[in-house]
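Visitor: One file: query23.txt (compact mmCIF, C-alpha atoms).
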# COMPACT_ATOMS: atom_id res chain seq x y z
CA MET A 1 0.00 0.00 0.00
CA ILE A 2 2.96 2.34 0.58
CA SER A 3 5.42 0.54 -1.71
CA ASN A 4 6.63 3.76 -3.35
CA ILE A 5 7.33 5.39 0.02
CA GLU A 6 9.18 2.27 1.19
CA LYS A 7 11.30 2.35 -1.98
CA TYR A 8 12.62 5.83 -1.22
CA PHE A 9 12.62 5.51 2.58
CA PRO A 10 13.75 1.92 3.15
CA SER A 11 14.68 2.42 6.80
CA LEU A 12 11.13 3.07 8.04
CA THR A 13 10.22 1.19 11.20
CA GLU A 14 7.12 -1.01 11.40
CA VAL A 15 5.44 1.67 13.51
CA GLN A 16 6.16 4.34 10.87
CA LYS A 17 4.84 2.07 8.11
CA GLN A 18 1.64 1.49 10.07
CA GLN A 19 1.21 5.22 10.66
CA LEU A 20 1.54 5.96 6.94
CA GLU A 21 -0.83 3.08 6.12
CA THR A 22 -3.34 4.67 8.49
CA MET A 23 -3.05 7.94 6.54
CA MET A 24 -3.53 6.07 3.27
CA LYS A 25 -6.78 4.65 4.66
CA LEU A 26 -8.15 7.73 6.40
CA TYR A 27 -7.45 10.57 3.96
CA PRO A 28 -9.83 9.16 1.31
CA GLU A 29 -12.49 8.55 3.96
CA TRP A 30 -12.23 12.09 5.35
CA ASN A 31 -12.01 13.57 1.87
CA GLU A 32 -15.52 12.30 1.17
CA LYS A 33 -16.79 14.56 3.99
CA ILE A 34 -14.34 17.48 3.92
CA ASN A 35 -12.38 18.28 0.78
CA VAL A 36 -8.73 18.54 1.88
CA ILE A 37 -7.23 17.00 -1.29
CA SER A 38 -8.53 17.54 -4.81
CA ARG A 39 -11.09 14.81 -5.49
CA LYS A 40 -9.42 14.25 -8.87
CA ASP A 41 -6.10 13.62 -7.12
CA ILE A 42 -7.05 11.52 -4.08
CA ASP A 43 -6.23 8.31 -6.00
CA ASN A 44 -2.63 9.59 -6.20
CA LEU A 45 -2.43 10.10 -2.43
CA GLU A 46 0.72 8.06 -1.83
CA ILE A 47 2.98 9.69 -4.43
CA ASN A 48 1.52 13.17 -4.95
CA HIS A 49 0.85 13.94 -1.30
CA LEU A 50 2.51 11.65 1.26
CA LEU A 51 5.76 10.97 -0.63
CA HIS A 52 5.85 14.59 -1.83
CA SER A 53 5.60 15.75 1.80
CA LEU A 54 8.37 13.37 2.88
CA SER A 55 10.66 14.61 0.10
CA ILE A 56 11.59 17.58 2.33
CA ALA A 57 13.89 15.10 4.07
CA ARG A 58 16.10 15.17 0.94
CA MET A 59 16.87 18.82 1.72
CA LEU A 60 17.23 18.43 5.48
CA ARG A 61 16.93 15.75 8.13
CA PHE A 62 15.76 17.67 11.19
CA THR A 63 17.82 17.32 14.36
CA PRO A 64 15.95 15.66 17.26
CA GLY A 65 14.40 18.34 19.46
CA SER A 66 13.77 20.70 16.52
CA GLU A 67 10.56 22.73 16.32
CA VAL A 68 8.85 22.95 12.91
CA LEU A 69 5.82 25.02 11.90
CA ASP A 70 3.64 23.77 9.02
CA PHE A 71 2.08 26.99 7.69
CA GLY A 72 -1.22 26.61 5.82
CA SER A 73 -1.22 22.92 6.61
CA GLY A 74 -4.73 22.23 5.35
CA GLY A 75 -5.48 18.61 6.16
CA GLY A 76 -1.98 18.05 7.53
CA LEU A 77 0.42 18.10 4.59
CA PRO A 78 3.39 18.15 4.73
CA GLY A 79 3.35 18.18 8.55
CA LEU A 80 1.82 14.80 9.37
CA PRO A 81 3.99 12.61 7.10
CA LEU A 82 7.06 14.50 8.34
CA ALA A 83 5.96 13.92 11.93
CA VAL A 84 5.97 10.18 11.16
CA LEU A 85 9.47 10.36 9.67
CA PHE A 86 10.87 12.51 12.50
CA PRO A 87 9.23 11.27 15.74
CA GLU A 88 11.71 13.24 17.91
CA VAL A 89 10.81 16.56 16.23
CA HIS A 90 7.78 18.65 17.24
CA PHE A 91 5.48 19.83 14.45
CA HIS A 92 2.91 22.61 14.92
CA LEU A 93 0.25 22.75 12.20
CA ILE A 94 -1.67 25.98 11.57
CA ASP A 95 -4.48 26.71 9.12
CA ARG A 96 -7.23 29.30 8.87
CA ILE A 97 -9.87 26.71 7.94
CA GLY A 98 -11.10 24.96 11.07
CA LYS A 99 -12.59 21.89 9.40
CA LYS A 100 -9.26 21.12 7.68
CA ILE A 101 -7.41 21.32 11.00
CA LYS A 102 -10.07 18.97 12.40
CA VAL A 103 -9.21 16.41 9.70
CA ALA A 104 -5.49 16.73 10.44
CA ARG A 105 -6.10 16.32 14.18
CA GLU A 106 -8.29 13.24 13.71
CA ILE A 107 -5.79 11.57 11.37
CA ALA A 108 -2.88 12.33 13.70
CA GLN A 109 -4.78 10.87 16.63
CA ALA A 110 -5.71 7.72 14.69
CA ALA A 111 -2.08 7.29 13.61
CA GLY A 112 -0.88 7.67 17.20
CA LEU A 113 1.27 10.72 16.54
CA LYS A 114 2.39 12.33 19.81
CA ASN A 115 4.71 15.00 18.36
CA VAL A 116 2.08 17.19 16.67
CA THR A 117 0.04 20.18 17.88
CA PHE A 118 -2.63 22.14 16.02
CA GLN A 119 -3.81 25.72 15.74
CA HIS A 120 -6.89 27.03 13.96
CA GLY A 121 -6.04 30.57 13.01
CA ASP A 122 -3.89 32.99 11.09
CA ILE A 123 -0.09 33.11 11.21
CA GLY A 124 -0.40 36.47 12.97
CA GLU A 125 -1.98 34.62 15.91
CA CYS A 126 0.99 32.29 16.26
CA HIS A 127 3.66 33.75 18.55
CA ASP A 128 5.89 30.70 19.08
CA LYS A 129 9.40 30.31 17.67
CA PHE A 130 10.50 27.50 15.34
CA ASP A 131 13.67 26.29 13.72
CA PHE A 132 11.94 25.92 10.36
CA VAL A 133 8.68 26.78 8.68
CA VAL A 134 7.51 24.28 6.03
CA SER A 135 4.72 24.73 3.50
CA ARG A 136 3.32 23.34 0.28
CA ALA A 137 3.00 26.20 -2.23
CA VAL A 138 0.68 28.31 -0.07
CA MET A 139 1.88 31.62 -1.55
CA PRO A 140 5.00 33.15 -3.16
CA GLN A 141 8.18 32.52 -1.15
CA GLU A 142 8.94 36.17 -0.43
CA ASP A 143 5.41 36.88 0.83
CA LEU A 144 5.44 33.77 2.98
CA LEU A 145 8.82 34.69 4.48
CA LYS A 146 7.56 38.17 5.42
CA LEU A 147 4.64 36.64 7.32
CA CYS A 148 6.54 33.95 9.18
CA ARG A 149 9.98 35.52 9.77
CA LYS A 150 8.90 36.58 13.27
CA ASN A 151 8.32 32.89 14.08
CA ILE A 152 11.80 31.72 13.09
CA SER A 153 14.13 31.23 16.04
CA LYS A 154 17.64 32.66 16.20
CA GLN A 155 18.88 29.54 18.02
CA GLN A 156 20.55 27.18 15.53
CA ARG A 157 20.63 23.38 15.89
CA ASN A 158 20.39 21.98 12.34
CA ALA A 159 22.75 21.50 9.41
CA LEU A 160 21.05 24.39 7.58
CA PRO A 161 20.52 27.84 9.11
CA ASN A 162 16.94 28.29 10.32
CA GLY A 163 14.48 29.38 7.65
CA LEU A 164 11.64 28.51 5.31
CA ILE A 165 11.34 25.27 3.30
CA THR A 166 8.61 24.97 0.69
CA LEU A 167 7.48 22.45 -1.91
CA LYS A 168 6.90 24.06 -5.30
CA GLY A 169 6.91 23.33 -9.02
CA GLY A 170 7.67 24.93 -12.36
CA ASP A 171 9.81 27.96 -13.18
CA LEU A 172 10.61 29.89 -10.00
CA ASN A 173 13.02 32.51 -11.38
CA ALA A 174 10.57 35.42 -11.22
CA GLU A 175 9.22 34.43 -7.81
CA LEU A 176 12.68 34.19 -6.26
CA ARG A 177 14.31 37.12 -8.04
CA LYS A 178 14.43 39.40 -4.97
CA ILE A 179 15.51 36.67 -2.54
CA LYS A 180 17.73 34.52 -4.76
CA ASN A 181 20.86 35.34 -2.73
CA SER A 182 19.29 33.85 0.40
CA SER A 183 17.54 30.96 -1.36
CA GLU A 184 18.48 27.53 -2.64
CA VAL A 185 16.43 25.44 -5.09
CA MET A 186 16.70 21.65 -5.21
CA ASP A 187 15.17 19.54 -8.00
CA LEU A 188 13.40 16.46 -6.68
CA TYR A 189 13.90 14.56 -9.93
CA PRO A 190 15.76 12.24 -10.46
CA SER A 191 16.20 11.58 -6.71
CA PHE A 192 12.54 10.60 -6.94
CA ASP A 193 12.39 9.05 -10.41
CA LEU A 194 8.62 9.20 -10.87
CA PRO A 195 6.85 11.36 -13.50
CA PHE A 196 5.10 13.45 -10.82
CA PHE A 197 8.46 14.74 -9.55
CA GLU A 198 9.86 15.86 -12.92
CA THR A 199 8.85 19.50 -12.30
CA LYS A 200 8.87 19.45 -8.50
CA LYS A 201 11.35 21.41 -6.39
CA ILE A 202 12.19 22.22 -2.80
CA VAL A 203 12.94 25.88 -2.08
CA TYR A 204 14.91 26.81 1.03
CA THR A 205 15.31 30.43 2.13
CA HIS A 206 17.28 31.26 5.25
CA ALA A 207 15.79 33.83 7.57
Show this structure as structure tokens.

Guide:
Amino acid sequence: MISNIEKYFPSLTEVQKQQLETMMKLYPEWNEKINVISRKDIDNLEINHLLHSLSIARMLRFTPGSEVLDFGSGGGLPGLPLAVLFPEVHFHLIDRIGKKIKVAREIAQAAGLKNVTFQHGDIGECHDKFDFVVSRAVMPQEDLLKLCRKNISKQQRNALPNGLITLKGGDLNAELRKIKNSSEVMDLYPSFDLPFFETKKIVYTHA
């Protein structure tokens, strides 16, 4: 059921595999009630959503004890799959749409995730500090950085300086023009040699 994820992350424990299997089962069920993933795309859940979320680990493997904010998490992506992969890292998921946060909370509880907290609200209402902010193409990188810079801690404990990590696709030259000196773009293909990843990128901008 998660054969593609296991191919790229062969060191998953049995507990982690079960947690991801639980997500594979529950996201389609919840999506029938509350649309958190495009109905046209729910059949591609494993590759286009769970594996895509986990691909952030190709850019950085978070140090145990790190604090990560998932901004605009929706139904819990990329935060929940990353919380499975990094059980010793705390993930805080925030979204303005309450019913989407409800889905994320229910799935996290069913999967037995203990390292996740949730907030229904705007980023302006979040006053905590984090090592990294992660997001899946919520808005242009520069705009996102302006909103969440106040939440990025000055204390460093990872291989990369603290900052913003996003999952994006396509040509990013115009979007990153003003922040290219503080940004790094990583192609996900061919590290993930599946057609979906051919145009997919990770963008890291240090704060």

Visitor: Measuring between only C-alpha atoms, which one of A:Arg58, A:Lys25, A:Lys200, A:His127 shows the shortest distance to Tyr8 in chain A?

Guide: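 Comparing A:Arg58, A:Lys25, A:Lys200, A:His127 against Tyr8 in chain A, the winner is A:Arg58.
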
Visitor: Using all atoms listed in the file, can you tell me which of A:Ala207, A:Leu164, A:Val36, A:Ile5 comes closest to Gly98 in chain A?

Guide: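 Looking at the shortest contact to Gly98 in chain A, the residue is A:Val36.
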
Visitor: So which residues touch Ala104 in chain A within 6 Å, counting all atoms listed in the file, skipping near sequence neighbours fewer than 3 positions away, as a list in words?

Guide: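 Contacts, with the query itself left out: Gly75, Gly76, Ile101 and Ile107 of chain A.
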
Visitor: Of the candidates A:Phe118, A:Trp30, A:Phe130, A:Phe196, which shows the shortest atom-to-atom distance to Ile97 in chain A, using all atoms listed in the file?

Guide: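 Ranked by minimum distance to Ile97 in chain A, first place goes to A:Phe118.
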
Visitor: I'd like the contact shell of His120 in chain A - 12 Å cut-off, all atoms listed in the file, skipping same-chain residues fewer than 2 positions apart - returned as a PDB file with C-alpha atoms, keeping the file's coordinate frame.

Guide:
ATOM      1  CA  PHE A  71       2.080  26.990   7.690  1.00  0.00           C
ATOM      2  CA  GLY A  72      -1.220  26.610   5.820  1.00  0.00           C
ATOM      3  CA  SER A  73      -1.220  22.920   6.610  1.00  0.00           C
ATOM      4  CA  GLY A  74      -4.730  22.230   5.350  1.00  0.00           C
ATOM      5  CA  GLY A  75      -5.480  18.610   6.160  1.00  0.00           C
ATOM      6  CA  HIS A  92       2.910  22.610  14.920  1.00  0.00           C
ATOM      7  CA  LEU A  93       0.250  22.750  12.200  1.00  0.00           C
ATOM      8  CA  ILE A  94      -1.670  25.980  11.570  1.00  0.00           C
ATOM      9  CA  ASP A  95      -4.480  26.710   9.120  1.00  0.00           C
ATOM     10  CA  ARG A  96      -7.230  29.300   8.870  1.00  0.00           C
ATOM     11  CA  ILE A  97      -9.870  26.710   7.940  1.00  0.00           C
ATOM     12  CA  GLY A  98     -11.100  24.960  11.070  1.00  0.00           C
ATOM     13  CA  LYS A  99     -12.590  21.890   9.400  1.00  0.00           C
ATOM     14  CA  LYS A 100      -9.260  21.120   7.680  1.00  0.00           C
ATOM     15  CA  ILE A 101      -7.410  21.320  11.000  1.00  0.00           C
ATOM     16  CA  LYS A 102     -10.070  18.970  12.400  1.00  0.00           C
ATOM     17  CA  VAL A 103      -9.210  16.410   9.700  1.00  0.00           C
ATOM     18  CA  ALA A 104      -5.490  16.730  10.440  1.00  0.00           C
ATOM     19  CA  ARG A 105      -6.100  16.320  14.180  1.00  0.00           C
ATOM     20  CA  THR A 117       0.040  20.180  17.880  1.00  0.00           C
ATOM     21  CA  PHE A 118      -2.630  22.140  16.020  1.00  0.00           C
ATOM     22  CA  ASP A 122      -3.890  32.990  11.090  1.00  0.00           C
ATOM     23  CA  ILE A 123      -0.090  33.110  11.210  1.00  0.00           C
ATOM     24  CA  GLY A 124      -0.400  36.470  12.970  1.00  0.00           C
ATOM     25  CA  GLU A 125      -1.980  34.620  15.910  1.00  0.00           C
ATOM     26  CA  CYS A 126       0.990  32.290  16.260  1.00  0.00           C
TER      27      CYS A 126
END

Visitor: Could you jot down the CA of Glu29 in chain A to CA of Met1 in chain A separation for me, Å, one decimal place?

Guide: 15.6 Å

Visitor: Which residue is closest to Arg177 in chain A? Choose from A:Gly163, A:Pro190, A:Pro140, A:Pro81 and count all atoms listed in the file.

Guide: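 Under the stated criterion, the closest residue is A:Pro140.
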
Visitor: Within 10 Å of Val15 in chain A, counting only C-alpha atoms, which residues qualify if same-chain residues fewer than 4 places away don't, as a PyMOL selection string?

Guide: chain A and resi 19-21+84+111-112

Visitor: How about saving the chosen residues, C-alpha atoms kept, as a CSV table (one decimal), in the frame of the given file?

Guide:
chain,number,residue,atom,x,y,z
A,19,GLN,CA,1.2,5.2,10.7
A,20,LEU,CA,1.5,6.0,6.9
A,21,GLU,CA,-0.8,3.1,6.1
A,84,VAL,CA,6.0,10.2,11.2
A,111,ALA,CA,-2.1,7.3,13.6
A,112,GLY,CA,-0.9,7.7,17.2

Visitor: May I have the residues within 12 Å of Ser66 in chain A as an MDAnalysis selection string, using only C-alpha atoms and disregarding those fewer than 4 positions away in the same chain?

Guide: chainID A and resid 60:62 83 86:92 115 129:133 152:153 155:159 162

Visitor: CA of Ile202 in chain A and CA of Ser55 in chain A are how many Å apart?

Guide: 8.3 Å

Visitor: Calculate how many Å separate CA of Thr63 in chain A from CA of Leu77 in chain A, rounding to one decimal.

Guide: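 Value for the CA of Thr63 in chain A-CA of Leu77 in chain A distance: 20.0 Å.
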
Visitor: Find the residue from A:Arg39, A:Lys168, A:Lys180, A:His206 that sits nearest to His52 in chain A; use only C-alpha atoms when measuring.

Guide: A:Lys168

Visitor: Between A:Ile165, A:Leu82, A:Leu176, A:Ile37, which one has atoms that come closest to Glu142 in chain A, using only C-alpha atoms?

Guide: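 Counting only C-alpha atoms, the residue closest to Glu142 in chain A is A:Leu176.
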
Visitor: Which polymer residues have any atom within 12 Å of an atom of Asp41 in chain A, counting all atoms listed in the file, with same-chain residues fewer than 6 positions away left out, as a PyMOL selection string?

Guide: chain A and resi 27-28+31+35+47-49+196

Visitor: Would you write out those residues with C-alpha atoms, as a PDB file, in the frame of the given file?

Guide:
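See out_25.pdb below for the written result:
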ATOM      1  CA  TYR A  27      -7.450  10.570   3.960  1.00  0.00           C
ATOM      2  CA  PRO A  28      -9.830   9.160   1.310  1.00  0.00           C
ATOM      3  CA  ASN A  31     -12.010  13.570   1.870  1.00  0.00           C
ATOM      4  CA  ASN A  35     -12.380  18.280   0.780  1.00  0.00           C
ATOM      5  CA  ILE A  47       2.980   9.690  -4.430  1.00  0.00           C
ATOM      6  CA  ASN A  48       1.520  13.170  -4.950  1.00  0.00           C
ATOM      7  CA  HIS A  49       0.850  13.940  -1.300  1.00  0.00           C
ATOM      8  CA  PHE A 196       5.100  13.450 -10.820  1.00  0.00           C
TER       9      PHE A 196
END
